[in-house]
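Novice: Sending over query16.txt (compact mmCIF, C-alpha atoms and all ligand atoms).
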# COMPACT_ATOMS: atom_id res chain seq x y z
CA MET A 264 -23.41 -10.96 -5.78
CA ASN A 265 -19.76 -10.00 -5.92
CA PHE A 266 -18.50 -6.49 -6.71
CA ASN A 267 -15.01 -5.07 -7.05
CA ILE A 268 -14.64 -1.52 -5.81
CA ALA A 269 -11.54 0.60 -6.26
CA VAL A 270 -11.29 2.89 -3.26
CA ILE A 271 -9.55 6.25 -3.40
CA ALA A 272 -9.53 7.71 0.09
CA GLY A 273 -7.47 10.69 -1.13
CA ASP A 274 -6.43 13.70 0.91
CA GLY A 275 -7.70 15.78 3.83
CA ILE A 276 -10.87 14.32 5.33
CA GLY A 277 -11.04 11.75 2.49
CA PRO A 278 -9.82 8.73 4.52
CA GLU A 279 -12.20 9.49 7.41
CA ILE A 280 -15.35 9.80 5.32
CA VAL A 281 -14.54 6.86 3.05
CA ARG A 282 -14.06 4.64 6.10
CA GLU A 283 -17.63 5.37 7.18
CA ALA A 284 -19.04 4.71 3.69
CA ARG A 285 -17.29 1.33 3.67
CA LYS A 286 -18.74 0.57 7.06
CA VAL A 287 -22.23 1.14 5.66
CA LEU A 288 -21.48 -0.93 2.53
CA GLU A 289 -20.29 -3.79 4.73
CA THR A 290 -23.60 -3.79 6.57
CA ILE A 291 -25.47 -3.78 3.26
CA GLY A 292 -23.35 -6.73 2.16
CA ILE A 293 -24.24 -8.73 5.26
CA LYS A 294 -27.91 -7.85 5.18
CA PHE A 295 -28.49 -8.46 1.46
CA GLY A 296 -25.89 -11.17 0.84
CA HIS A 297 -23.35 -9.34 -1.33
CA THR A 298 -19.59 -9.32 -1.20
CA PHE A 299 -17.76 -6.09 -1.83
CA ASN A 300 -14.05 -6.49 -2.56
CA TYR A 301 -12.04 -3.33 -2.03
CA THR A 302 -8.75 -2.37 -3.61
CA ASP A 303 -7.23 0.79 -2.19
CA ILE A 304 -5.44 3.04 -4.66
CA LEU A 305 -3.77 6.40 -4.27
CA MET A 306 -4.78 9.56 -6.06
CA GLY A 307 -4.14 13.25 -5.42
CA GLY A 308 -1.62 14.69 -2.99
CA CYS A 309 -1.00 11.37 -1.24
CA SER A 310 -0.05 9.81 -4.59
CA ILE A 311 2.27 12.72 -5.38
CA ASP A 312 3.99 12.16 -2.04
CA ALA A 313 4.34 8.42 -2.64
CA TYR A 314 5.04 8.21 -6.38
CA GLY A 315 5.61 11.75 -7.63
CA VAL A 316 2.44 11.72 -9.76
CA PRO A 317 -1.21 12.41 -8.82
CA LEU A 318 -2.42 9.16 -10.42
CA SER A 319 -0.11 6.32 -11.37
CA ASP A 320 -0.71 4.07 -14.37
CA GLU A 321 -1.03 1.11 -11.99
CA ALA A 322 -3.73 2.85 -9.96
CA LEU A 323 -5.57 3.86 -13.12
CA ALA A 324 -5.43 0.27 -14.41
CA ILE A 325 -6.97 -0.99 -11.14
CA ALA A 326 -9.75 1.60 -11.40
CA LYS A 327 -10.44 0.63 -15.02
CA ALA A 328 -10.64 -3.06 -14.14
CA SER A 329 -13.03 -2.52 -11.22
CA ASP A 330 -16.83 -2.43 -11.16
CA SER A 331 -16.82 1.08 -9.74
CA VAL A 332 -14.72 3.64 -7.92
CA LEU A 333 -15.46 5.18 -4.53
CA LEU A 334 -13.65 8.44 -3.88
CA GLY A 335 -13.26 10.64 -0.80
CA ALA A 336 -11.63 13.88 -1.93
CA VAL A 337 -8.32 15.09 -3.30
CA GLY A 338 -6.18 18.20 -2.92
CA GLY A 339 -4.86 20.54 -0.26
CA ASN A 340 -5.58 24.19 0.47
CA VAL A 341 -5.54 25.85 -2.96
CA GLY A 342 -2.92 28.59 -2.98
CA ASN A 343 -0.90 27.52 0.04
CA SER A 344 -0.36 23.79 -0.06
CA LYS A 345 2.90 22.09 -0.97
CA TRP A 346 1.19 20.75 -4.10
CA TYR A 347 0.15 24.15 -5.50
CA ASP A 348 3.25 25.58 -7.17
CA VAL A 349 4.01 22.68 -9.47
CA ALA A 350 3.35 21.89 -13.14
CA PRO A 351 -0.41 21.51 -13.92
CA ASN A 352 -0.13 17.77 -14.64
CA LEU A 353 1.50 17.19 -11.24
CA ARG A 354 -1.18 18.82 -9.08
CA PRO A 355 -3.57 16.68 -7.00
CA GLU A 356 -6.56 17.82 -9.09
CA ALA A 357 -4.85 16.55 -12.23
CA GLY A 358 -5.38 13.01 -10.91
CA LEU A 359 -9.10 13.64 -10.71
CA LEU A 360 -9.27 15.10 -14.21
CA LYS A 361 -7.23 12.20 -15.56
CA ILE A 362 -9.41 9.51 -14.05
CA ARG A 363 -12.57 11.26 -15.31
CA LYS A 364 -11.13 11.47 -18.82
CA GLU A 365 -9.60 7.98 -18.90
CA LEU A 366 -12.79 6.32 -17.66
CA GLU A 367 -14.81 8.56 -20.05
CA LEU A 368 -17.03 9.75 -17.23
CA PHE A 369 -18.72 12.52 -19.15
CA ALA A 370 -21.88 12.80 -17.05
CA ASN A 371 -21.67 14.19 -13.56
CA ILE A 372 -24.91 13.94 -11.60
CA ARG A 373 -25.12 16.22 -8.58
CA PRO A 374 -28.38 16.18 -6.68
CA ALA A 375 -29.16 19.19 -4.48
CA TYR A 376 -32.19 19.02 -2.29
CA LEU A 377 -33.44 20.41 0.93
CA TYR A 378 -33.92 17.85 3.70
CA ASP A 379 -37.03 18.58 5.72
CA GLU A 380 -35.01 17.83 8.84
CA LEU A 381 -32.38 20.40 7.85
CA LYS A 382 -34.58 23.34 6.86
CA ASP A 383 -32.96 25.36 9.65
CA ALA A 384 -29.56 25.00 7.99
CA CYS A 385 -30.82 26.53 4.72
CA PRO A 386 -29.51 30.09 4.40
CA LEU A 387 -32.55 31.26 2.38
CA LYS A 388 -35.58 33.00 3.83
CA ASN A 389 -38.71 30.93 4.45
CA GLU A 390 -40.72 32.66 1.73
CA ILE A 391 -38.04 31.69 -0.79
CA ILE A 392 -37.77 28.12 0.48
CA GLY A 393 -41.52 27.68 0.03
CA GLU A 394 -42.31 24.01 -0.48
CA GLY A 395 -38.59 23.23 -0.54
CA PHE A 396 -36.57 22.20 -3.56
CA ASP A 397 -35.14 19.11 -5.16
CA MET A 398 -32.95 19.45 -8.22
CA VAL A 399 -30.26 17.58 -10.06
CA ILE A 400 -27.36 19.25 -11.79
CA MET A 401 -26.20 17.34 -14.82
CA ARG A 402 -22.72 18.62 -15.49
CA GLU A 403 -20.66 17.73 -18.57
CA LEU A 404 -17.39 16.43 -17.15
CA THR A 405 -14.82 15.61 -19.82
CA GLY A 406 -14.91 18.59 -22.18
CA GLY A 407 -14.84 22.37 -22.25
CA LEU A 408 -12.30 24.59 -20.55
CA TYR A 409 -11.02 21.84 -18.27
CA PHE A 410 -9.68 19.81 -21.16
CA GLY A 411 -8.91 22.46 -23.77
CA GLU A 412 -5.41 23.49 -24.72
CA ARG A 413 -3.80 25.65 -22.05
CA HIS A 414 -0.51 27.47 -21.83
CA THR A 415 1.23 30.51 -20.39
CA GLU A 416 3.71 32.48 -22.47
CA LYS A 417 5.46 35.83 -22.59
CA VAL A 418 4.44 37.88 -25.61
CA ASP A 419 6.41 41.10 -26.20
CA GLY A 420 7.46 41.12 -22.55
CA VAL A 421 3.92 40.62 -21.25
CA TRP A 422 2.73 37.39 -19.60
CA LYS A 423 -0.24 35.89 -21.35
CA ALA A 424 -2.27 32.83 -20.30
CA THR A 425 -4.68 30.93 -22.55
CA ASP A 426 -7.39 28.34 -21.83
CA ILE A 427 -9.43 27.10 -24.76
CA LEU A 428 -13.11 26.15 -24.51
CA THR A 429 -14.22 23.61 -27.10
CA TYR A 430 -17.26 21.36 -27.47
CA ASP A 431 -18.26 19.19 -30.39
CA GLU A 432 -21.82 18.20 -31.06
CA ASN A 433 -21.30 14.58 -29.99
CA GLU A 434 -20.06 15.61 -26.56
CA ILE A 435 -23.10 17.83 -26.13
CA ARG A 436 -25.55 15.24 -27.44
CA ARG A 437 -24.50 12.43 -25.10
CA ILE A 438 -24.76 14.53 -21.94
CA ALA A 439 -28.07 16.01 -23.12
CA ILE A 440 -29.46 12.49 -23.60
CA LYS A 441 -28.44 11.60 -20.02
CA ALA A 442 -30.17 14.73 -18.73
CA PHE A 443 -33.41 13.95 -20.55
CA GLU A 444 -33.28 10.33 -19.37
CA ILE A 445 -32.97 11.48 -15.76
CA ALA A 446 -35.72 14.06 -16.26
CA MET A 447 -38.05 11.29 -17.45
CA LYS A 448 -37.64 9.64 -14.04
CA ARG A 449 -38.22 12.93 -12.21
CA ASN A 450 -40.47 15.92 -12.86
CA LYS A 451 -39.77 16.04 -16.61
CA ARG A 452 -38.30 19.53 -16.74
CA VAL A 453 -34.86 20.34 -18.12
CA ILE A 454 -33.31 23.78 -17.92
CA SER A 455 -30.24 23.98 -20.12
CA VAL A 456 -27.76 26.58 -18.95
CA ASP A 457 -25.34 28.37 -21.27
CA LYS A 458 -23.94 31.75 -22.29
CA ALA A 459 -25.35 31.80 -25.81
CA ASN A 460 -25.41 35.60 -25.88
CA VAL A 461 -21.61 35.52 -26.01
CA LEU A 462 -20.05 32.11 -26.66
CA ASP A 463 -20.04 30.04 -29.85
CA SER A 464 -19.75 26.84 -27.81
CA SER A 465 -22.97 27.84 -26.02
CA ARG A 466 -24.81 28.48 -29.28
CA LEU A 467 -23.91 24.99 -30.48
CA TRP A 468 -24.90 23.65 -27.04
CA ARG A 469 -28.35 25.24 -27.33
CA LYS A 470 -28.90 23.91 -30.86
CA VAL A 471 -27.90 20.32 -30.05
CA VAL A 472 -29.88 20.21 -26.78
CA LYS A 473 -32.96 21.37 -28.68
CA GLU A 474 -32.47 18.60 -31.24
CA VAL A 475 -32.18 15.99 -28.49
CA SER A 476 -35.33 17.31 -26.82
CA ILE A 477 -37.39 16.28 -29.87
CA ASP A 478 -36.98 12.65 -28.80
CA TYR A 479 -38.42 13.46 -25.35
CA PRO A 480 -41.76 15.13 -26.05
CA GLU A 481 -42.91 14.67 -22.45
CA VAL A 482 -40.02 16.72 -21.10
CA THR A 483 -40.22 20.51 -21.14
CA LEU A 484 -37.01 22.23 -22.10
CA ALA A 485 -36.08 25.82 -21.33
CA ASP A 486 -32.79 27.64 -21.91
CA MET A 487 -31.29 29.91 -19.29
CA LEU A 488 -28.20 32.10 -19.34
CA VAL A 489 -25.68 31.12 -16.70
CA ASP A 490 -25.59 34.49 -14.93
CA ASN A 491 -29.36 34.46 -14.69
CA CYS A 492 -29.25 30.88 -13.40
CA ALA A 493 -26.84 31.88 -10.63
CA MET A 494 -29.41 34.48 -9.57
CA GLN A 495 -32.46 32.21 -9.96
CA LEU A 496 -30.84 29.58 -7.73
CA VAL A 497 -31.07 31.89 -4.74
CA MET A 498 -34.24 33.69 -5.81
CA ASN A 499 -36.46 30.78 -6.77
CA PRO A 500 -34.69 27.42 -6.37
CA GLY A 501 -38.02 25.57 -6.44
CA GLN A 502 -38.34 26.11 -10.21
CA PHE A 503 -35.50 23.68 -11.02
CA ASP A 504 -35.78 19.98 -11.72
CA VAL A 505 -32.84 19.04 -13.97
CA ILE A 506 -30.17 21.61 -14.78
CA LEU A 507 -28.09 20.61 -17.79
CA THR A 508 -24.84 22.47 -18.32
CA GLU A 509 -21.23 22.39 -19.48
CA ASN A 510 -18.21 21.60 -17.34
CA MET A 511 -17.15 24.95 -15.88
CA PHE A 512 -20.65 26.36 -15.41
CA GLY A 513 -21.63 23.08 -13.75
CA ASP A 514 -18.68 23.28 -11.38
CA ILE A 515 -19.73 26.72 -10.21
CA LEU A 516 -23.49 26.23 -10.15
CA SER A 517 -23.26 22.92 -8.30
CA ASP A 518 -21.37 24.56 -5.44
CA GLU A 519 -23.99 27.27 -5.32
CA ALA A 520 -26.87 24.79 -5.43
CA SER A 521 -25.36 22.70 -2.67
CA MET A 522 -24.80 25.72 -0.48
CA VAL A 523 -28.38 26.90 -0.76
CA THR A 524 -29.44 23.55 0.67
CA GLY A 525 -27.33 24.52 3.68
CA SER A 526 -25.78 21.11 3.80
CA ILE A 527 -22.91 20.63 1.39
CA GLY A 528 -21.78 17.85 3.73
CA MET A 529 -24.91 15.90 2.73
CA LEU A 530 -24.72 15.95 -1.05
CA SER A 531 -23.49 13.03 -3.09
CA SER A 532 -22.46 12.77 -6.72
CA ALA A 533 -22.00 10.22 -9.44
CA SER A 534 -19.88 10.43 -12.56
CA LEU A 535 -21.03 8.10 -15.29
CA GLY A 536 -20.06 7.18 -18.82
CA LYS A 537 -21.09 4.64 -21.43
CA THR A 538 -20.60 1.59 -19.23
CA LYS A 539 -21.72 0.68 -15.72
CA LEU A 540 -18.36 1.71 -14.30
CA GLY A 541 -18.88 4.95 -12.42
CA LEU A 542 -17.03 7.13 -9.96
CA TYR A 543 -18.83 8.16 -6.78
CA GLU A 544 -17.73 10.98 -4.56
CA PRO A 545 -19.18 13.59 -2.21
CA SER A 546 -19.89 16.98 -3.80
CA HIS A 547 -17.67 18.69 -1.26
CA GLY A 548 -13.87 18.91 -1.17
CA SER A 549 -11.06 17.60 1.02
CA ALA A 550 -11.51 20.21 3.80
CA PRO A 551 -7.84 20.10 4.92
CA ASP A 552 -8.57 22.46 7.82
CA ILE A 553 -10.67 19.84 9.64
CA ALA A 554 -8.79 16.73 8.52
CA GLY A 555 -7.93 14.15 11.18
CA LYS A 556 -10.30 15.61 13.79
CA ASN A 557 -13.11 13.09 13.37
CA ILE A 558 -15.66 15.89 12.89
CA ALA A 559 -16.32 15.79 9.13
CA ASN A 560 -19.78 14.79 7.93
CA PRO A 561 -19.57 11.38 6.21
CA ILE A 562 -23.15 11.45 4.91
CA ALA A 563 -22.34 12.79 1.42
CA THR A 564 -19.91 9.90 0.93
CA ILE A 565 -22.35 7.38 2.37
CA LEU A 566 -25.03 8.65 -0.02
CA SER A 567 -22.52 8.50 -2.89
CA ALA A 568 -22.04 4.83 -2.03
CA ALA A 569 -25.84 4.51 -2.26
CA MET A 570 -25.70 6.02 -5.76
CA MET A 571 -23.05 3.43 -6.60
CA LEU A 572 -25.37 0.64 -5.50
CA ARG A 573 -28.11 2.09 -7.67
CA TYR A 574 -26.30 3.13 -10.85
CA SER A 575 -23.34 0.76 -11.14
CA PHE A 576 -24.69 -2.37 -9.46
CA ASP A 577 -28.45 -2.04 -10.12
CA LEU A 578 -29.11 -2.65 -6.41
CA ASP A 579 -32.09 -0.35 -5.91
CA LYS A 580 -33.41 -1.97 -2.73
CA GLU A 581 -29.99 -1.73 -1.14
CA ALA A 582 -29.62 1.93 -2.17
CA ASP A 583 -33.07 2.68 -0.74
CA ALA A 584 -32.00 1.06 2.54
CA VAL A 585 -28.98 3.35 2.84
CA GLU A 586 -30.99 6.47 2.03
CA ALA A 587 -33.72 5.49 4.50
CA ALA A 588 -31.10 4.87 7.20
CA VAL A 589 -29.66 8.36 6.68
CA LYS A 590 -33.13 9.91 6.94
CA GLN A 591 -33.82 7.93 10.08
CA VAL A 592 -30.63 9.10 11.78
CA LEU A 593 -31.52 12.71 10.96
CA LYS A 594 -35.03 12.18 12.26
CA GLU A 595 -33.51 10.96 15.52
CA ASP A 596 -31.76 14.35 15.74
CA TYR A 597 -28.16 13.19 15.29
CA ARG A 598 -25.98 15.82 13.59
CA THR A 599 -22.33 16.35 12.76
CA GLY A 600 -20.98 19.84 13.48
CA ASP A 601 -21.62 21.26 10.00
CA ILE A 602 -25.38 20.68 10.23
CA MET A 603 -25.72 21.15 13.97
CA SER A 604 -28.53 23.29 15.34
CA GLU A 605 -29.96 23.90 18.78
CA GLY A 606 -31.39 20.92 20.65
CA MET A 607 -29.78 18.37 18.32
CA LYS A 608 -27.34 15.64 19.36
CA LYS A 609 -23.82 16.30 18.13
CA VAL A 610 -21.87 13.30 16.89
CA SER A 611 -18.45 12.63 15.36
CA THR A 612 -17.62 11.23 11.93
CA THR A 613 -17.27 7.68 13.27
CA GLN A 614 -20.42 7.91 15.37
CA MET A 615 -22.41 9.10 12.37
CA GLY A 616 -21.11 6.15 10.32
CA ASP A 617 -21.99 3.73 13.12
CA LEU A 618 -25.50 5.18 13.44
CA VAL A 619 -26.24 4.88 9.72
CA ALA A 620 -24.82 1.36 9.59
CA GLU A 621 -26.94 0.32 12.59
CA ARG A 622 -30.12 1.75 11.04
CA VAL A 623 -29.39 -0.17 7.82
C1 LIG B 701 -15.40 19.40 -8.36
C2 LIG B 701 -14.07 20.00 -8.00
C3 LIG B 701 -13.08 19.71 -9.11
C4 LIG B 701 -13.63 20.31 -10.38
C5 LIG B 701 -11.65 20.20 -8.83
C6 LIG B 701 -11.11 19.63 -7.54
C7 LIG B 701 -10.73 19.94 -9.98
O1 LIG B 701 -14.21 21.37 -7.79
O2 LIG B 701 -15.44 18.16 -8.52
O3 LIG B 701 -16.37 20.14 -8.48
O4 LIG B 701 -13.48 21.50 -10.63
O5 LIG B 701 -14.24 19.57 -11.15
MG MG B 702 -16.22 22.06 -7.83
Could you render the structure as structure tokens?

Specialist:
Amino acid sequence: MNFNIAVIAGDGIGPEIVREARKVLETIGIKFGHTFNYTDILMGGCSIDAYGVPLSDEALAIAKASDSVLLGAVGGNVGNSKWYDVAPNLRPEAGLLKIRKELELFANIRPAYLYDELKDACPLKNEIIGEGFDMVIMRELTGGLYFGERHTEKVDGVWKATDILTYDENEIRRIAIKAFEIAMKRNKRVISVDKANVLDSSRLWRKVVKEVSIDYPEVTLADMLVDNCAMQLVMNPGQFDVILTENMFGDILSDEASMVTGSIGMLSSASLGKTKLGLYEPSHGSAPDIAGKNIANPIATILSAAMMLRYSFDLDKEADAVEAAVKQVLKEDYRTGDIMSEGMKKVSTTQMGDLVAERV
């Protein structure tokens, strides 16, 4: 089969990790008889430098016309990059928000699990790790604070900044349905995370999620307040199967969940909407401090490409092959610096890509 992939290498380590994911896709293409056609587009800081905007209309049109989008990472060091002190719609991150909104990618799936091979990298104590953990964060991606009205003004000589948090019931319902669908394929437990003791948007969230749950009698639903969830993630991560939450809470909790696995460089993500067109990117950022050194871990991007095979192209066997190859390489003790431990064999970004491609 033939697939058109828009590729956004982006900023920082983006180009290095995307190169390795493409390498692995090429091998899949040869082995299983598929052709992947790539169109490179710019987004983020590199697009600002080239065109003055974080995502051009031309680039967006290419993404929209493709079968899926593979993304490395965008942005520089927050606070001290040349792209920081500019209008909000001209920052690198604005490109990411725009593509999510324009492609209507409202469902962000972020798996966080503990690899047996990487138990040593997990910062939690053994008694907390227990049998290990394997959860998926289902984060709403096109609503809430990220897309509400925002402005800064001077009122009676005092600076005042406003960000508005809005959700309507349809936005909540469609992400809740996705979460229950995923739960049906997993351990059938959804924990919906909100701040219903304070926020109106959370009270509506709770009500709509409960309504949706009626259609999934096999799935158990529990509500959890977001502050409690932040605590439970480090106290008893094994209790989670699917975490369903709104945009901002999901942003924060997914970083926490990935860190407790000890391997943020390993975790992939998929952003999906109503169609098969999805956007696939590692859960981590652009790591400008290690860019260009050939030391970044490409596995999260490689596994994101595997999610692309599975969710956008319906190529389950091919996705399994990539995931198995990654496991195999870990079993053979190869590690990039971020997941290195004593006695393991340290490899570079390119070597890791080569190893996974060979095992495929
Ligand atoms: C993420 C990132 C983005 C977000 C930033 C870069 C805008 O942190 O994908 O989690 O907050 O959504
Ligand atoms: Mg984030």

Novice: Provide the atom CA of Thr508 of chain A to atom CA of Val270 of chain A distance in Å, to one decimal place.

Specialist: 28.2 Å

Novice: Which residue out of A:Leu566, A:Ala550, A:Leu334, A:Leu359 has the minimum interatomic distance to ligand LIG 701 (chain B) when all atoms listed in the file are used?

Specialist: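 Among the listed residues, A:Leu359 lies closest to ligand LIG 701 (chain B).
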
Novice: Do you have, as a tab-separated table, the list of residues of chain A lying at most 10 Å from ligand MG 702 (chain B), each with its nearest atom pair and that distance in Å to one decimal, counting all atoms listed in the file and ordered by chain then number?

Specialist:
residue	atom	partner	partner_atom	distance
A:Asn510	CA	B:MG702	MG	9.7
A:Met511	CA	B:MG702	MG	8.6
A:Phe512	CA	B:MG702	MG	9.8
A:Gly513	CA	B:MG702	MG	8.1
A:Asp514	CA	B:MG702	MG	4.5
A:Ile515	CA	B:MG702	MG	6.3
A:Leu516	CA	B:MG702	MG	8.7
A:Ser517	CA	B:MG702	MG	7.1
A:Asp518	CA	B:MG702	MG	6.2
A:Glu519	CA	B:MG702	MG	9.7
A:Ser546	CA	B:MG702	MG	7.5
A:His547	CA	B:MG702	MG	7.5
A:Gly548	CA	B:MG702	MG	7.7

Novice: Point out the residue among A:Leu467, A:Ala439, A:Val341, A:Leu381 with the least atom-to-atom distance to ligand LIG 701 (chain B), counting only C-alpha atoms and all ligand atoms.

Specialist: A:Val341

Novice: Have a look at A:Val281, A:Val619, A:Met603, A:Ile527 and name the one nearest to ligand LIG 701 (chain B); count all atoms listed in the file.

Specialist: A:Ile527

Novice: Measuring atom to atom with only C-alpha atoms and all ligand atoms, identify which of A:Asn433, A:Thr425, A:Ser611, A:Asn371 is nearest to ligand LIG 701 (chain B).

Specialist: A:Asn371

Novice: If we draw a sphere of 12 Å around (-27.1, 22.5, -22.2), which residues have at least one atom in it when counting all atoms listed in the file? Please report them as a PyMOL selection string.

Specialist: chain A and resi 400-403+430+432+434-443+453-459+464-476+484-489+505-510+512-513
